[in-house]
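Chemist: Dropping the structure in here first, questions after.
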Amino acid sequence: MKQVRFRDRAGTVRTGEWVDDDGTPADTETAGQGGEIRAAGQSYDPDAVTILPPSEPSKIVCVGRNYAAHADERGEDVPDRPLLFLKGPNAVASHGSDISLLAEKDRQEYEAELAVVIGEQCRHVDEADAMDVVAGFTCMVDISNRDDQDRETNWIRGKAFDNAAPLGPVCADPEHVPDDATVELHCNGERRQSSTLDHLIFPIPELIAEITAYMTLEPGDIIATGTPEGVGPLSDGDHVRVTIEGVGQLTHTVTVPEED
């Protein structure tokens, strides 16, 4: 199942399933870029409704440098335990959004990531039981303000600003997503990032166990699992597309405000 939250033309928020024309769960190419949405016995054209983030997280727990090649391109060591930081609900943006970045910054970058959607309140979860608390997977872009990230240690200015976490378009059942699923990002039609989930340094069950050793996760919370190599700058008017095998395609555009 590819579950999707959306607002219909009447303004009602609904939850449905994104399907292909034959009624089967939408594949990677059509979840976000085709097919139809079925909810409450009706069919909806995805282009005629507003796609909402697949959950309303109380927090997004992000994992830094979880691909060795990305750590290398940043000139950083691979961490010996998951490197964690937070984004708040203010950072969430939806599929199809035009995202306004920060003004007067020299370098703001895209980072494609598989995001884990938590399905139940949980704390002290064992690795062996970790997938039991997962509602599904979605796509995310960890938009990063390098100007400030490289000057501080807590990354609030660098990572947690408004609209810094586009999410969506669907929450896909884990069974649809291979262990070696491809994670790709295209910017203006050019492929910039491409890797697979089997290159994660710390796999998803280990991340859930580590995070819940320190904090309670709530239904709808997000764990962003880290980005592959190939991160790069965003400019005014850019079109970004993240494609994750078994999930779908998250797209957004970028606006950079003019300097005062």
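By order of appearance in the structure tokens: chains A, B, ..., then residues from 1 within every chain, and ligands from 1 in the order shown.
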Segment 211-218 of chain A: which residues within 7 Å, counting only C-alpha atoms, same-chain residues fewer than 2 positions away excluded, as a tab-separated table (two decimals) with N, CA and C atoms, in the first residue's frame?
Modeler:
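Full text of result-v2.tsv as output:
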```tsv
chain	number	residue	atom	x	y	z
A	118	ILE	N	7.43	6.56	11.73
A	118	ILE	CA	7.15	5.76	12.92
A	118	ILE	C	5.63	5.56	13.08
A	120	GLU	N	4.03	3.94	15.91
A	120	GLU	CA	3.49	3.85	17.26
A	120	GLU	C	4.46	4.47	18.25
A	121	GLN	N	3.92	4.89	19.39
A	121	GLN	CA	4.79	5.43	20.43
A	121	GLN	C	5.76	4.33	20.88
A	122	CYS	N	7.02	4.67	21.00
A	122	CYS	CA	8.00	3.63	21.34
A	122	CYS	C	9.20	4.22	22.07
A	123	ARG	N	9.79	3.40	22.91
A	123	ARG	CA	11.00	3.74	23.66
A	123	ARG	C	11.72	2.43	23.96
A	124	HIS	N	13.05	2.45	23.97
A	124	HIS	CA	13.87	1.28	24.27
A	124	HIS	C	13.49	0.09	23.38
A	125	VAL	N	13.55	0.31	22.08
A	125	VAL	CA	13.21	-0.73	21.11
A	125	VAL	C	14.46	-1.53	20.77
A	207	LEU	N	19.47	2.16	13.91
A	207	LEU	CA	19.12	3.57	14.15
A	207	LEU	C	17.94	3.69	15.12
A	208	ILE	N	16.92	2.86	14.91
A	208	ILE	CA	15.75	2.92	15.79
A	208	ILE	C	16.13	2.55	17.21
A	209	ALA	N	16.94	1.52	17.38
A	209	ALA	CA	17.37	1.11	18.72
A	209	ALA	C	18.18	2.22	19.39
A	220	GLY	N	4.01	9.03	13.65
A	220	GLY	CA	4.21	10.09	12.67
A	220	GLY	C	5.59	10.71	12.69
A	221	ASP	N	6.37	10.47	13.74
A	221	ASP	CA	7.74	10.98	13.77
A	221	ASP	C	8.54	10.37	12.63
```
Chemist: For segment 160-164 of chain A, work out the shell of residues within 7 Å, counting only C-alpha atoms and skipping chain neighbours fewer than 4 positions away, then give it as a CSV table (one decimal) with N, CA, C and O atoms, in the first residue's frame.
Modeler:
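That gives us selection.csv:
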```csv
chain,number,residue,atom,x,y,z
A,87,LYS,N,15.3,18.2,13.4
A,87,LYS,CA,14.6,19.2,12.7
A,87,LYS,C,13.2,19.2,13.3
A,87,LYS,O,12.7,18.2,13.7
A,88,GLY,N,12.6,20.4,13.5
A,88,GLY,CA,11.3,20.5,14.1
A,88,GLY,C,10.2,20.5,13.0
A,88,GLY,O,10.4,20.4,11.8
A,90,ASN,N,8.4,22.7,11.9
A,90,ASN,CA,8.5,23.9,11.1
A,90,ASN,C,9.2,23.6,9.8
A,90,ASN,O,9.0,24.3,8.8
A,91,ALA,N,10.1,22.6,9.8
A,91,ALA,CA,10.9,22.3,8.6
A,91,ALA,C,10.1,21.5,7.6
A,91,ALA,O,10.6,21.4,6.4
A,92,VAL,N,9.0,20.9,7.9
A,92,VAL,CA,8.3,20.0,7.0
A,92,VAL,C,7.7,20.8,5.8
A,92,VAL,O,7.0,21.9,6.0
A,93,ALA,N,7.9,20.3,4.6
A,93,ALA,CA,7.3,20.9,3.4
A,93,ALA,C,6.7,19.7,2.6
A,93,ALA,O,7.1,18.5,2.8
A,99,ILE,N,9.6,25.9,-2.6
A,99,ILE,CA,10.2,26.1,-1.2
A,99,ILE,C,11.1,27.4,-1.3
A,99,ILE,O,12.0,27.5,-2.1
A,142,ASP,N,16.9,16.6,2.8
A,142,ASP,CA,17.5,17.4,3.9
A,142,ASP,C,18.2,18.6,3.3
A,142,ASP,O,19.3,18.5,2.9
A,143,ILE,N,17.4,19.7,3.3
A,143,ILE,CA,18.0,20.9,2.7
A,143,ILE,C,18.9,21.5,3.8
A,143,ILE,O,18.5,21.7,5.0
A,156,ILE,N,21.4,24.1,14.3
A,156,ILE,CA,20.0,24.7,14.3
A,156,ILE,C,19.9,25.6,13.0
A,156,ILE,O,18.9,25.5,12.3
```
Chemist: Go through A:Ser144, A:Arg192, A:Pro169, A:Asp98 one by one, measure the shortest atom-to-atom distance of each to Gly237 of chain A using only C-alpha atoms, and give the residue with the smallest value.
Modeler: A:Asp98
Chemist: Please tabulate, as JSON lines, the residues of segment 47-162 of chain A that come within 9 Å of segment 18-34 of chain A, each with its closest pair of atoms and the distance in Å to one decimal, counting only C-alpha atoms and ordering rows by chain, then residue number upward.
Modeler:
```
{"residue": "A:Asp47", "atom": "CA", "partner": "A:Gly34", "partner_atom": "CA", "distance": 8.5}
{"residue": "A:His95", "atom": "CA", "partner": "A:Gly32", "partner_atom": "CA", "distance": 7.9}
{"residue": "A:Gly96", "atom": "CA", "partner": "A:Gly32", "partner_atom": "CA", "distance": 8.9}
```
Chemist: Please provide as a PyMOL selection string all residues within 10 Å of Leu185 of chain A, with the sequence filter that same-chain residues fewer than 3 positions apart are discarded (counting only C-alpha atoms).
Modeler: chain A and resi 110-113+141+188-195+228+230-231+240-244+249-251
Chemist: From the set A:Gly75, A:Pro82, A:Pro53, A:Pro89, which residue has the shortest atom-to-atom contact distance to Pro205 of chain A, counting only C-alpha atoms?
Modeler: A:Pro82
Chemist: Grab the atom CA of Arg38 of chain A to atom CA of Gly16 of chain A distance for me, in Å with one decimal place.
Modeler: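 A separation of 5.4 Å between them.
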Chemist: Using only C-alpha atoms, pick whichever of A:Asp238, A:Asp147, A:Asp173, A:Asp45 has the shortest atom-to-atom distance to Val134 of chain A.
Modeler: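 The shortest atom-to-atom distance to Val134 of chain A comes from A:Asp173.
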Chemist: Counting only C-alpha atoms, which of A:Gly168, A:Ile60, A:Thr225, A:Arg81 gets nearest to Phe6 of chain A?
Modeler: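 Closest candidate: A:Gly168.
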Chemist: Considering only C-alpha atoms, state which residue in the set A:Tyr67, A:Trp155, A:Tyr44, A:Phe85 is at the smallest distance from Gly226 of chain A.
Modeler: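 With only C-alpha atoms as the atom set, the closest residue is A:Tyr67.
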Chemist: If you run DSSP on the backbone here, which positions in segment 10-213 of chain A get strand (DSSP E)? Please write them as a PyMOL selection string.
Modeler: chain A and resi 13-19+36-39+42-44+50-52+60-64+83-87+92-94+98-100+108-110+112-118+134-141+144-145+165-172+182-187+190-196
Chemist: By how many Å are atom CA of Leu167 of chain A and atom CA of His252 of chain A apart?
Modeler: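 Straight-line distance from atom CA of Leu167 of chain A to atom CA of His252 of chain A works out to 9.8 Å.
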Chemist: How many Å separate atom CA of Gly158 of chain A from atom CA of Thr196 of chain A?
Modeler: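 A separation of 25.7 Å between them.
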Chemist: Write out as a PyMOL selection string all residues of segment 55-238 of chain A that backbone DSSP assigns to alpha helix (DSSP H).
Modeler: chain A and resi 68-73+146-149+156-159+204-212
Chemist: With only C-alpha atoms as the basis for distance, which of A:Glu76, A:Asp8, A:Glu206, A:Asp236 is at the shortest distance from Asp150 of chain A?
Modeler: A:Glu76
